[in-house]
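K.L.:
Pasting a structure here, questions to come.
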Amino acid sequence: MPLPSHVTPAHGHSFSSPAPGLDSFRDHRDVASFAPAALGYALFATRWLQAPLYFGLVAAQGVYVYKFFNELWKLIVHVINGHADETYVMLAVLKLVDVVMIANLLIMTIVGGYETFVSRINLQGHRDQPEWLSHVNSNVLKVKLATAIVGISSVHLLQMFVDVHHTSQHALLWGTAIHMAFILSAGILAYMSGPMLESRKSGHGCGGHAGGGHGGGGLADSHGEGNLQLIPKPSTGAHDDATSSGRATPSASAATSASASASTSSLGGSGAESRIRAAGFPAPKALEDFDHDYPRSLDREAVAMLGKLHFITARENVVLLGPPGTGKTHLAVAIGTRACQAGHQVLFATVAEWVARLADAKAAGRLTEELARLDRYPLLIVDALGYFPLQAEEAQLIFRLVAHRYERGSLIVTSDKPLSSWDLVLSDTAVASSVIDRLVHHSEIISVEGDNYRMRDHGGFGFTSPAVR
(Lines give C-alpha, C1' and ligand atoms only; values in the text may rest on other atoms or scores of the structure.)
Protein backbone atom coordinates (compact mmCIF):
# COMPACT_ATOMS: atom_id res chain seq x y z
CA MET A 1 0.00 0.00 0.00
CA PRO A 2 1.61 3.31 -1.02
CA LEU A 3 2.36 5.85 1.68
CA PRO A 4 0.60 9.23 1.62
CA SER A 5 2.74 12.09 0.43
CA HIS A 6 2.94 13.66 3.92
CA VAL A 7 4.18 10.47 5.68
CA THR A 8 7.91 10.39 6.54
CA PRO A 9 9.50 6.95 7.03
CA ALA A 10 11.52 6.15 10.15
CA HIS A 11 14.85 6.88 8.54
CA GLY A 12 13.83 10.50 8.00
CA HIS A 13 13.45 10.73 4.21
CA SER A 14 10.13 12.06 2.96
CA PHE A 15 8.40 10.65 -0.11
CA SER A 16 6.48 13.88 -0.70
CA SER A 17 7.12 15.66 -3.97
CA PRO A 18 9.28 18.80 -3.74
CA ALA A 19 7.87 22.16 -4.57
CA PRO A 20 8.14 23.19 -8.22
CA GLY A 21 11.46 24.71 -9.08
CA LEU A 22 13.10 23.61 -5.80
CA ASP A 23 15.44 21.12 -7.49
CA SER A 24 16.67 23.71 -9.94
CA PHE A 25 17.26 26.16 -7.09
CA ARG A 26 19.29 23.56 -5.19
CA ASP A 27 21.27 22.70 -8.33
CA HIS A 28 22.26 26.34 -8.83
CA ARG A 29 23.14 26.72 -5.16
CA ASP A 30 25.25 23.53 -5.17
CA VAL A 31 27.10 24.65 -8.28
CA ALA A 32 27.73 28.08 -6.78
CA SER A 33 29.18 26.56 -3.59
CA PHE A 34 31.10 23.82 -5.38
CA ALA A 35 33.18 26.13 -7.57
CA PRO A 36 34.97 28.02 -4.74
CA ALA A 37 35.53 24.76 -2.84
CA ALA A 38 37.02 23.06 -5.90
CA LEU A 39 39.26 26.07 -6.57
CA GLY A 40 40.43 26.06 -2.94
CA TYR A 41 41.25 22.35 -3.05
CA ALA A 42 43.12 22.81 -6.32
CA LEU A 43 45.19 25.64 -4.88
CA PHE A 44 45.88 23.62 -1.74
CA ALA A 45 47.03 20.69 -3.87
CA THR A 46 49.75 22.88 -5.39
CA ARG A 47 51.69 22.48 -2.15
CA TRP A 48 53.00 19.22 -3.64
CA LEU A 49 55.00 21.30 -6.11
CA GLN A 50 57.32 22.02 -3.17
CA ALA A 51 58.05 18.33 -2.57
CA PRO A 52 60.77 18.10 -5.28
CA LEU A 53 62.48 21.11 -3.70
CA TYR A 54 62.94 19.26 -0.42
CA PHE A 55 64.23 16.18 -2.22
CA GLY A 56 66.67 18.50 -3.98
CA LEU A 57 67.89 19.58 -0.55
CA VAL A 58 68.37 15.89 0.28
CA ALA A 59 70.73 15.69 -2.70
CA ALA A 60 72.52 18.81 -1.43
CA GLN A 61 72.93 17.09 1.91
CA GLY A 62 74.61 14.22 0.10
CA VAL A 63 77.05 16.73 -1.40
CA TYR A 64 77.92 17.97 2.10
CA VAL A 65 78.48 14.39 3.26
CA TYR A 66 81.00 13.97 0.43
CA LYS A 67 82.62 17.32 1.30
CA PHE A 68 82.89 16.33 4.98
CA PHE A 69 84.73 13.08 4.31
CA ASN A 70 86.90 14.74 1.66
CA GLU A 71 88.03 17.38 4.20
CA LEU A 72 88.48 14.71 6.87
CA TRP A 73 90.68 12.67 4.54
CA LYS A 74 92.83 15.73 3.75
CA LEU A 75 93.27 16.39 7.47
CA ILE A 76 94.30 12.78 8.17
CA VAL A 77 96.80 12.79 5.29
CA HIS A 78 98.39 16.07 6.44
CA VAL A 79 98.67 14.85 10.03
CA ILE A 80 100.25 11.55 8.94
CA ASN A 81 102.73 13.35 6.67
CA GLY A 82 103.61 15.82 9.46
CA HIS A 83 102.51 18.84 7.45
CA ALA A 84 99.78 19.91 9.88
CA ASP A 85 100.52 22.35 12.68
CA GLU A 86 98.11 23.22 15.48
CA THR A 87 96.55 26.11 13.58
CA TYR A 88 95.94 23.94 10.51
CA VAL A 89 94.29 21.21 12.60
CA MET A 90 92.09 23.74 14.36
CA LEU A 91 91.02 25.33 11.10
CA ALA A 92 90.35 21.93 9.53
CA VAL A 93 88.25 20.83 12.51
CA LEU A 94 86.30 24.09 12.43
CA LYS A 95 85.68 23.51 8.73
CA LEU A 96 84.31 20.04 9.55
CA VAL A 97 82.12 21.54 12.28
CA ASP A 98 80.94 24.12 9.77
CA VAL A 99 79.93 21.39 7.32
CA VAL A 100 78.07 19.47 10.03
CA MET A 101 76.18 22.56 11.19
CA ILE A 102 75.11 23.35 7.64
CA ALA A 103 73.98 19.73 7.26
CA ASN A 104 71.97 20.13 10.48
CA LEU A 105 70.41 23.27 9.04
CA LEU A 106 69.53 21.32 5.90
CA ILE A 107 67.85 18.44 7.75
CA MET A 108 65.89 20.90 9.88
CA THR A 109 64.72 22.68 6.74
CA ILE A 110 63.93 19.43 4.92
CA VAL A 111 62.00 17.70 7.69
CA GLY A 112 60.46 20.75 9.34
CA GLY A 113 59.62 22.50 6.08
CA TYR A 114 58.10 19.42 4.49
CA GLU A 115 56.05 18.75 7.64
CA THR A 116 54.87 22.37 7.82
CA PHE A 117 54.20 23.24 4.18
CA VAL A 118 53.63 19.96 2.29
CA SER A 119 52.40 16.99 4.33
CA ARG A 120 52.59 15.59 7.84
CA ILE A 121 55.28 12.99 8.48
CA ASN A 122 53.85 10.11 10.51
CA LEU A 123 56.52 9.47 13.14
CA GLN A 124 54.17 8.94 16.11
CA GLY A 125 55.79 6.57 18.58
CA HIS A 126 59.16 6.50 16.80
CA ARG A 127 61.88 6.46 19.42
CA ASP A 128 64.04 8.90 17.42
CA GLN A 129 61.31 11.45 16.69
CA PRO A 130 62.81 14.96 17.15
CA GLU A 131 61.21 16.79 20.08
CA TRP A 132 60.91 19.99 18.05
CA LEU A 133 59.04 18.25 15.22
CA SER A 134 55.96 17.72 17.40
CA HIS A 135 55.39 21.47 17.73
CA VAL A 136 56.98 22.81 14.57
CA ASN A 137 55.27 25.55 12.61
CA SER A 138 56.44 28.22 10.22
CA ASN A 139 57.18 30.65 13.04
CA VAL A 140 59.16 28.15 15.11
CA LEU A 141 60.98 26.95 12.01
CA LYS A 142 62.12 30.47 11.13
CA VAL A 143 63.50 31.04 14.64
CA LYS A 144 65.35 27.72 14.63
CA LEU A 145 66.82 28.41 11.21
CA ALA A 146 67.90 31.89 12.34
CA THR A 147 69.68 30.51 15.40
CA ALA A 148 71.33 27.82 13.27
CA ILE A 149 72.62 30.50 10.91
CA VAL A 150 74.00 32.41 13.90
CA GLY A 151 75.85 29.26 14.95
CA ILE A 152 77.31 28.80 11.46
CA SER A 153 78.32 32.45 11.34
CA SER A 154 80.03 32.04 14.71
CA VAL A 155 82.14 29.19 13.36
CA HIS A 156 83.10 31.23 10.30
CA LEU A 157 84.08 34.20 12.46
CA LEU A 158 86.12 31.94 14.76
CA GLN A 159 87.96 30.57 11.73
CA MET A 160 88.85 34.13 10.72
CA PHE A 161 90.21 34.96 14.17
CA VAL A 162 92.17 31.71 14.41
CA ASP A 163 93.81 32.49 11.07
CA VAL A 164 94.07 36.18 11.88
CA HIS A 165 97.57 36.49 10.36
CA HIS A 166 96.17 35.60 6.94
CA THR A 167 92.93 37.60 7.33
CA SER A 168 92.72 41.27 6.43
CA GLN A 169 91.39 43.80 8.91
CA HIS A 170 88.70 44.69 6.38
CA ALA A 171 87.50 41.07 6.27
CA LEU A 172 87.50 40.84 10.08
CA LEU A 173 85.47 44.02 10.38
CA TRP A 174 82.86 42.93 7.87
CA GLY A 175 82.75 39.41 9.26
CA THR A 176 82.04 40.76 12.75
CA ALA A 177 79.41 43.20 11.46
CA ILE A 178 77.63 40.48 9.48
CA HIS A 179 77.70 38.15 12.47
CA MET A 180 76.18 40.83 14.71
CA ALA A 181 73.47 41.42 12.07
CA PHE A 182 72.64 37.71 12.16
CA ILE A 183 72.40 37.82 15.97
CA LEU A 184 70.18 40.89 15.86
CA SER A 185 67.83 39.38 13.27
CA ALA A 186 67.58 36.12 15.22
CA GLY A 187 66.78 38.08 18.38
CA ILE A 188 64.06 40.04 16.60
CA LEU A 189 62.52 36.84 15.21
CA ALA A 190 62.60 35.22 18.64
CA TYR A 191 61.02 38.29 20.23
CA MET A 192 58.28 38.43 17.58
CA SER A 193 57.50 34.73 17.98
CA GLY A 194 56.46 35.29 21.62
CA PRO A 195 53.59 37.75 20.94
CA MET A 196 52.46 35.67 17.96
CA LEU A 197 52.24 32.54 20.07
CA GLU A 198 50.43 34.37 22.85
CA SER A 199 47.89 35.79 20.40
CA ARG A 200 47.21 32.34 19.02
CA LYS A 201 46.76 30.92 22.49
CA SER A 202 44.39 33.70 23.56
CA GLY A 203 42.37 33.35 20.36
CA HIS A 204 42.11 29.58 20.36
CA GLY A 205 42.69 28.50 23.91
CA CYS A 206 40.26 27.12 26.45
CA GLY A 207 36.97 28.88 26.13
CA GLY A 208 38.09 30.82 23.07
CA HIS A 209 36.18 28.65 20.64
CA ALA A 210 32.54 27.89 20.41
CA GLY A 211 31.81 24.83 22.44
CA GLY A 212 35.21 24.91 24.03
CA GLY A 213 34.46 26.85 27.16
CA HIS A 214 30.80 26.47 27.99
CA GLY A 215 29.02 24.40 30.57
CA GLY A 216 28.29 20.71 30.42
CA GLY A 217 30.25 17.95 31.98
CA GLY A 218 31.32 16.10 28.89
CA LEU A 219 34.18 16.50 26.47
CA ALA A 220 34.01 18.88 23.56
CA ASP A 221 35.73 18.34 20.26
CA SER A 222 38.17 21.19 19.73
CA HIS A 223 38.49 22.80 16.31
CA GLY A 224 37.36 19.66 14.60
CA GLU A 225 40.76 18.09 15.12
CA GLY A 226 39.74 15.35 17.48
CA ASN A 227 41.43 16.61 20.60
CA LEU A 228 38.99 16.15 23.44
CA GLN A 229 38.67 18.90 26.01
CA LEU A 230 37.63 18.09 29.52
CA ILE A 231 35.09 20.72 30.49
CA PRO A 232 34.59 21.05 34.25
CA LYS A 233 31.15 21.07 35.75
CA PRO A 234 30.19 23.91 38.04
CA SER A 235 30.44 23.01 41.69
CA THR A 236 27.03 22.12 43.04
CA GLY A 237 25.67 20.30 45.99
CA ALA A 238 25.13 17.21 43.89
CA HIS A 239 28.71 17.34 42.75
CA ASP A 240 29.94 17.60 46.32
CA ASP A 241 27.83 14.60 47.27
CA ALA A 242 29.24 12.63 44.38
CA THR A 243 32.73 13.53 45.45
CA SER A 244 32.17 12.44 49.02
CA SER A 245 30.70 9.11 47.88
CA GLY A 246 33.70 8.34 45.71
CA ARG A 247 31.98 8.98 42.37
CA ALA A 248 33.68 12.26 41.63
CA THR A 249 33.74 14.02 38.33
CA PRO A 250 37.12 15.35 37.16
CA SER A 251 38.49 18.21 39.23
CA ALA A 252 38.13 21.68 37.81
CA SER A 253 41.83 22.45 37.91
CA ALA A 254 42.87 19.27 36.13
CA ALA A 255 40.01 19.68 33.68
CA THR A 256 40.93 23.24 32.85
CA SER A 257 44.56 22.25 32.31
CA ALA A 258 43.52 19.39 30.04
CA SER A 259 41.17 21.64 28.11
CA ALA A 260 43.73 24.37 27.50
CA SER A 261 46.43 21.89 26.57
CA ALA A 262 44.16 20.00 24.20
CA SER A 263 43.35 23.27 22.47
CA THR A 264 46.99 24.14 21.90
CA SER A 265 47.63 20.58 20.79
CA SER A 266 45.00 20.88 18.09
CA LEU A 267 46.81 23.95 16.78
CA GLY A 268 50.02 21.99 16.30
CA GLY A 269 51.78 24.23 18.80
CA SER A 270 52.28 21.72 21.57
CA GLY A 271 54.96 19.17 22.28
CA ALA A 272 55.53 16.51 24.87
CA GLU A 273 54.83 18.87 27.78
CA SER A 274 51.44 19.86 26.37
CA ARG A 275 50.50 16.23 25.78
CA ILE A 276 51.43 15.46 29.38
CA ARG A 277 49.30 18.34 30.67
CA ALA A 278 46.39 17.34 28.42
CA ALA A 279 46.51 13.75 29.69
CA GLY A 280 45.18 14.84 33.09
CA PHE A 281 47.72 12.99 35.22
CA PRO A 282 47.20 13.58 38.97
CA ALA A 283 50.92 14.27 39.55
CA PRO A 284 54.18 14.05 37.57
CA LYS A 285 55.72 10.58 37.79
CA ALA A 286 58.62 8.87 36.02
CA LEU A 287 59.69 5.25 35.76
CA GLU A 288 63.17 6.28 36.89
CA ASP A 289 61.70 7.57 40.17
CA PHE A 290 59.89 4.34 41.02
CA ASP A 291 61.40 2.51 44.01
CA HIS A 292 61.74 -0.94 42.49
CA ASP A 293 63.27 -2.32 45.69
CA TYR A 294 60.29 -1.50 47.92
CA PRO A 295 57.69 -4.02 46.61
CA ARG A 296 58.16 -7.55 47.82
CA SER A 297 57.16 -8.90 44.44
CA LEU A 298 57.41 -7.13 41.08
CA ASP A 299 58.35 -8.27 37.59
CA ARG A 300 60.92 -5.55 36.96
CA GLU A 301 61.82 -6.87 33.52
CA ALA A 302 58.19 -6.67 32.43
CA VAL A 303 57.97 -3.08 33.72
CA ALA A 304 61.10 -2.19 31.75
CA MET A 305 59.56 -3.68 28.60
CA LEU A 306 56.39 -1.64 29.12
CA GLY A 307 58.57 1.46 29.23
CA LYS A 308 59.52 0.76 25.59
CA LEU A 309 55.83 1.26 24.68
CA HIS A 310 55.63 -1.64 22.24
CA PHE A 311 52.27 -2.57 23.75
CA ILE A 312 50.76 0.69 22.46
CA THR A 313 51.70 0.07 18.83
CA ALA A 314 50.46 -3.52 19.24
CA ARG A 315 47.18 -2.21 20.77
CA GLU A 316 47.60 -4.37 23.83
CA ASN A 317 46.62 -3.70 27.43
CA VAL A 318 48.30 -3.51 30.82
CA VAL A 319 46.66 -4.61 34.07
CA LEU A 320 48.36 -3.55 37.32
CA LEU A 321 47.13 -5.38 40.41
CA GLY A 322 48.14 -4.81 44.00
CA PRO A 323 47.11 -3.49 47.42
CA PRO A 324 46.75 0.26 47.98
CA GLY A 325 49.98 2.20 48.16
CA THR A 326 52.17 -0.26 46.23
CA GLY A 327 52.80 2.04 43.27
CA LYS A 328 50.24 0.97 40.66
CA THR A 329 49.16 4.52 39.85
CA HIS A 330 52.79 5.65 39.83
CA LEU A 331 53.62 3.02 37.21
CA ALA A 332 50.53 3.82 35.15
CA VAL A 333 51.25 7.57 35.14
CA ALA A 334 54.95 7.01 34.44
CA ILE A 335 54.21 4.78 31.44
CA GLY A 336 51.60 7.27 30.24
CA THR A 337 54.10 10.10 30.60
CA ARG A 338 56.66 8.22 28.56
CA ALA A 339 53.99 7.60 25.91
CA CYS A 340 53.32 11.35 25.76
CA GLN A 341 57.03 11.98 25.32
CA ALA A 342 57.04 9.50 22.42
CA GLY A 343 54.29 11.43 20.65
CA HIS A 344 51.18 9.52 21.77
CA GLN A 345 48.01 11.20 23.01
CA VAL A 346 47.06 9.79 26.44
CA LEU A 347 44.04 10.30 28.68
CA PHE A 348 44.05 9.49 32.41
CA ALA A 349 41.01 9.25 34.69
CA THR A 350 39.81 7.24 37.64
CA VAL A 351 37.01 4.73 37.26
CA ALA A 352 34.64 7.22 38.88
CA GLU A 353 35.58 9.87 36.32
CA TRP A 354 35.24 7.47 33.38
CA VAL A 355 31.82 6.40 34.63
CA ALA A 356 30.70 10.02 35.02
CA ARG A 357 31.94 10.91 31.58
CA LEU A 358 30.33 7.94 29.82
CA ALA A 359 27.11 8.39 31.80
CA ASP A 360 26.88 12.01 30.63
CA ALA A 361 27.44 10.89 27.05
CA LYS A 362 24.78 8.19 27.35
CA ALA A 363 22.29 10.61 28.85
CA ALA A 364 22.91 12.93 25.90
CA GLY A 365 22.40 10.08 23.44
CA ARG A 366 25.97 10.21 22.15
CA LEU A 367 27.72 7.31 23.91
CA THR A 368 28.72 5.66 20.63
CA GLU A 369 30.15 8.93 19.35
CA GLU A 370 32.02 9.48 22.62
CA LEU A 371 33.63 6.04 22.42
CA ALA A 372 34.59 6.73 18.82
CA ARG A 373 36.24 10.02 19.85
CA LEU A 374 38.36 8.11 22.35
CA ASP A 375 39.87 6.16 19.46
CA ARG A 376 42.00 9.25 18.84
CA TYR A 377 43.89 8.41 22.03
CA PRO A 378 46.24 5.43 21.54
CA LEU A 379 46.35 4.96 25.33
CA LEU A 380 43.65 5.35 27.98
CA ILE A 381 44.38 4.85 31.68
CA VAL A 382 41.61 3.62 33.99
CA ASP A 383 42.75 4.04 37.57
CA ALA A 384 41.46 2.62 40.86
CA LEU A 385 39.07 -0.08 39.68
CA GLY A 386 37.69 -1.79 42.76
CA TYR A 387 37.96 0.97 45.34
CA PHE A 388 34.17 1.05 45.41
CA PRO A 389 31.57 -1.32 43.87
CA LEU A 390 29.88 -0.15 40.71
CA GLN A 391 26.17 -0.18 40.12
CA ALA A 392 24.88 -2.36 37.30
CA GLU A 393 24.54 0.56 34.86
CA GLU A 394 27.99 1.84 35.76
CA ALA A 395 29.50 -1.60 35.23
CA GLN A 396 27.85 -1.74 31.81
CA LEU A 397 29.52 1.54 30.89
CA ILE A 398 32.94 0.17 31.84
CA PHE A 399 32.17 -2.91 29.77
CA ARG A 400 31.27 -0.70 26.81
CA LEU A 401 34.58 1.11 27.15
CA VAL A 402 36.66 -2.08 27.38
CA ALA A 403 34.72 -3.79 24.59
CA HIS A 404 35.09 -0.80 22.29
CA ARG A 405 38.84 -0.57 22.91
CA TYR A 406 39.36 -4.31 22.28
CA GLU A 407 42.07 -4.66 19.59
CA ARG A 408 41.43 -0.99 18.70
CA GLY A 409 43.50 0.85 21.33
CA SER A 410 45.46 0.26 24.52
CA LEU A 411 44.23 0.42 28.10
CA ILE A 412 46.12 0.54 31.38
CA VAL A 413 43.89 -0.56 34.27
CA THR A 414 44.93 -0.44 37.92
CA SER A 415 43.03 -2.32 40.62
CA ASP A 416 43.48 -3.25 44.27
CA LYS A 417 41.34 -6.35 43.73
CA PRO A 418 42.46 -9.64 42.15
CA LEU A 419 40.71 -10.63 38.92
CA SER A 420 38.83 -13.32 40.83
CA SER A 421 37.05 -10.58 42.82
CA TRP A 422 36.03 -8.38 39.91
CA ASP A 423 32.56 -9.90 39.89
CA LEU A 424 32.00 -8.14 43.22
CA VAL A 425 33.36 -4.87 41.86
CA LEU A 426 31.30 -4.99 38.66
CA SER A 427 28.17 -6.28 40.44
CA ASP A 428 27.64 -9.08 37.91
CA THR A 429 29.58 -12.26 37.17
CA ALA A 430 28.71 -12.22 33.46
CA VAL A 431 29.79 -8.60 33.02
CA ALA A 432 33.00 -9.19 34.98
CA SER A 433 33.79 -12.25 32.88
CA SER A 434 33.23 -10.31 29.66
CA VAL A 435 35.38 -7.39 30.82
CA ILE A 436 38.22 -9.67 31.95
CA ASP A 437 38.03 -11.73 28.75
CA ARG A 438 38.52 -8.70 26.48
CA LEU A 439 40.95 -6.91 28.78
CA VAL A 440 43.45 -9.72 29.37
CA HIS A 441 43.33 -11.40 25.93
CA HIS A 442 46.17 -9.18 24.68
CA SER A 443 47.68 -7.84 27.86
CA GLU A 444 50.54 -7.79 30.34
CA ILE A 445 49.31 -8.51 33.87
CA ILE A 446 51.65 -7.30 36.59
CA SER A 447 51.15 -7.92 40.31
CA VAL A 448 52.72 -5.49 42.74
CA GLU A 449 52.86 -7.03 46.20
CA GLY A 450 54.09 -5.21 49.28
CA ASP A 451 53.23 -2.86 52.10
CA ASN A 452 51.69 0.55 51.67
CA TYR A 453 54.52 2.86 50.59
CA ARG A 454 52.74 5.95 51.90
CA MET A 455 52.42 4.37 55.36
CA ARG A 456 56.02 3.12 55.54
CA ASP A 457 56.90 5.69 58.21
CA HIS A 458 53.82 4.95 60.35
CA GLY A 459 54.06 1.21 60.83
CA GLY A 460 50.92 0.51 58.82
CA PHE A 461 48.70 0.95 61.93
CA GLY A 462 48.46 -2.83 62.24
CA PHE A 463 47.00 -3.46 58.79
CA THR A 464 48.54 -6.02 56.47
CA SER A 465 48.37 -5.95 52.73
CA PRO A 466 46.54 -8.92 51.23
CA ALA A 467 48.32 -10.88 48.55
CA VAL A 468 47.20 -10.31 45.00
CA ARG A 469 46.43 -13.43 43.03
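Here's how to read the names in the C-alpha coordinates: chain A, B, ... by the order shown, residue numbers from 1 in each chain, ligand numbers from 1 in the order shown.
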Would you kindly return, as an MDAnalysis selection string, each protein, DNA or RNA residue with an atom no farther than 12 Å from any atom of Arg300 (chain A), considering only C-alpha atoms and excluding same-chain residues fewer than 4 positions away?
P.N.:
chainID A and resid 287 290:296 304:307 331 446:448
K.L.:
May I have the residues from that selection written out with all heavy atoms, as a short mmCIF file (atom, residue, chain, number, x, y, z; two decimals), in the first residue's frame?
P.N.:
```cif
data_model
loop_
_atom_site.label_atom_id
_atom_site.label_comp_id
_atom_site.auth_asym_id
_atom_site.auth_seq_id
_atom_site.Cartn_x
_atom_site.Cartn_y
_atom_site.Cartn_z
N LEU A 287 59.28 6.61 35.46
CA LEU A 287 59.69 5.25 35.76
C LEU A 287 61.02 5.25 36.53
O LEU A 287 61.25 4.38 37.37
CB LEU A 287 59.84 4.45 34.46
CG LEU A 287 58.54 3.97 33.81
CD1 LEU A 287 58.83 3.28 32.49
CD2 LEU A 287 57.78 3.03 34.74
N PHE A 290 60.60 5.40 40.30
CA PHE A 290 59.89 4.34 41.02
C PHE A 290 60.89 3.53 41.85
O PHE A 290 61.96 3.13 41.36
CB PHE A 290 59.16 3.43 40.03
CG PHE A 290 58.31 2.38 40.70
CD1 PHE A 290 57.08 2.71 41.23
CD2 PHE A 290 58.75 1.07 40.79
CE1 PHE A 290 56.29 1.74 41.84
CE2 PHE A 290 57.97 0.10 41.39
CZ PHE A 290 56.73 0.44 41.92
N ASP A 291 60.53 3.28 43.11
CA ASP A 291 61.40 2.51 44.01
C ASP A 291 61.16 1.02 43.77
O ASP A 291 60.28 0.41 44.37
CB ASP A 291 61.09 2.88 45.47
CG ASP A 291 62.08 2.25 46.44
OD1 ASP A 291 62.92 1.45 45.99
OD2 ASP A 291 62.01 2.55 47.65
N HIS A 292 61.95 0.46 42.86
CA HIS A 292 61.74 -0.94 42.49
C HIS A 292 62.12 -1.91 43.61
O HIS A 292 61.75 -3.08 43.58
CB HIS A 292 62.57 -1.28 41.25
CG HIS A 292 62.05 -0.65 39.99
ND1 HIS A 292 62.32 0.66 39.66
CD2 HIS A 292 61.27 -1.15 39.00
CE1 HIS A 292 61.74 0.95 38.51
NE2 HIS A 292 61.10 -0.13 38.08
N ASP A 293 62.85 -1.43 44.61
CA ASP A 293 63.27 -2.32 45.69
C ASP A 293 62.23 -2.40 46.81
O ASP A 293 62.33 -3.28 47.67
CB ASP A 293 64.60 -1.82 46.28
CG ASP A 293 65.73 -1.88 45.26
OD1 ASP A 293 65.69 -2.79 44.40
OD2 ASP A 293 66.62 -1.02 45.31
N TYR A 294 61.24 -1.50 46.80
CA TYR A 294 60.29 -1.50 47.92
C TYR A 294 59.27 -2.64 47.83
O TYR A 294 59.01 -3.30 48.83
CB TYR A 294 59.56 -0.15 47.98
CG TYR A 294 58.71 -0.01 49.22
CD1 TYR A 294 59.28 0.32 50.45
CD2 TYR A 294 57.33 -0.24 49.17
CE1 TYR A 294 58.51 0.44 51.59
CE2 TYR A 294 56.55 -0.12 50.31
CZ TYR A 294 57.14 0.21 51.52
OH TYR A 294 56.38 0.32 52.64
N PRO A 295 58.66 -2.91 46.66
CA PRO A 295 57.69 -4.02 46.61
C PRO A 295 58.36 -5.36 46.90
O PRO A 295 59.51 -5.60 46.51
CB PRO A 295 57.17 -3.96 45.16
CG PRO A 295 57.50 -2.59 44.68
CD PRO A 295 58.76 -2.21 45.37
N ARG A 296 57.64 -6.23 47.56
CA ARG A 296 58.16 -7.55 47.82
C ARG A 296 58.18 -8.39 46.56
O ARG A 296 59.04 -9.27 46.39
CB ARG A 296 57.29 -8.25 48.89
CG ARG A 296 57.47 -7.71 50.29
CD ARG A 296 56.87 -8.66 51.32
NE ARG A 296 55.43 -8.81 51.12
CZ ARG A 296 54.52 -8.07 51.71
NH1 ARG A 296 54.88 -7.10 52.53
NH2 ARG A 296 53.23 -8.26 51.48
N ALA A 304 60.15 -2.81 32.68
CA ALA A 304 61.10 -2.19 31.75
C ALA A 304 60.63 -2.33 30.30
O ALA A 304 60.78 -1.40 29.50
CB ALA A 304 62.48 -2.81 31.93
N MET A 305 60.07 -3.48 29.96
CA MET A 305 59.56 -3.68 28.60
C MET A 305 58.38 -2.76 28.30
O MET A 305 58.25 -2.22 27.20
CB MET A 305 59.15 -5.14 28.40
CG MET A 305 60.32 -6.09 28.23
SD MET A 305 61.34 -5.70 26.78
CE MET A 305 60.13 -5.92 25.47
N LEU A 306 57.52 -2.56 29.31
CA LEU A 306 56.39 -1.64 29.12
C LEU A 306 56.89 -0.23 28.85
O LEU A 306 56.25 0.52 28.10
CB LEU A 306 55.49 -1.65 30.36
CG LEU A 306 54.72 -2.94 30.62
CD1 LEU A 306 53.93 -2.82 31.93
CD2 LEU A 306 53.79 -3.26 29.47
N GLY A 307 58.01 0.13 29.45
CA GLY A 307 58.57 1.46 29.23
C GLY A 307 59.01 1.69 27.80
O GLY A 307 59.18 2.83 27.37
N LEU A 331 53.18 3.71 38.43
CA LEU A 331 53.62 3.02 37.21
C LEU A 331 52.75 3.41 36.02
O LEU A 331 53.26 3.65 34.92
CB LEU A 331 53.59 1.51 37.42
CG LEU A 331 54.65 0.93 38.37
CD1 LEU A 331 54.40 -0.56 38.59
CD2 LEU A 331 56.05 1.15 37.81
N ILE A 446 50.55 -7.46 35.65
CA ILE A 446 51.65 -7.30 36.59
C ILE A 446 51.08 -7.16 38.00
O ILE A 446 50.23 -6.30 38.25
CB ILE A 446 52.51 -6.07 36.25
CG1 ILE A 446 53.17 -6.27 34.88
CG2 ILE A 446 53.56 -5.82 37.32
CD1 ILE A 446 54.04 -5.12 34.45
N SER A 447 51.54 -8.00 38.90
CA SER A 447 51.15 -7.92 40.31
C SER A 447 52.23 -7.20 41.10
O SER A 447 53.42 -7.51 40.95
CB SER A 447 50.93 -9.31 40.89
OG SER A 447 49.83 -9.95 40.28
N VAL A 448 51.80 -6.23 41.88
CA VAL A 448 52.72 -5.49 42.74
C VAL A 448 52.35 -5.81 44.18
O VAL A 448 51.31 -5.36 44.68
CB VAL A 448 52.63 -3.97 42.49
CG1 VAL A 448 53.75 -3.25 43.24
CG2 VAL A 448 52.70 -3.66 41.01
#
```
K.L.:
Pick out the residues sitting within 10 Å of Thr46 (chain A), and hand them over as a PyMOL selection string; count only C-alpha atoms, and ignore anything fewer than 5 positions along from it in its own chain.
P.N.:
chain A and resi 41+51+118
K.L.:
A:Trp354, A:Leu439, A:Ser427, A:Asp416: which is nearest Val402 (chain A), counting only C-alpha atoms?
P.N.:
A:Leu439
K.L.:
One number please: CA of Val333 (chain A) to CA of Gln391 (chain A), in Å, one decimal.
P.N.:
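Result for CA of Val333 (chain A) versus CA of Gln391 (chain A): 26.7 Å, one decimal.
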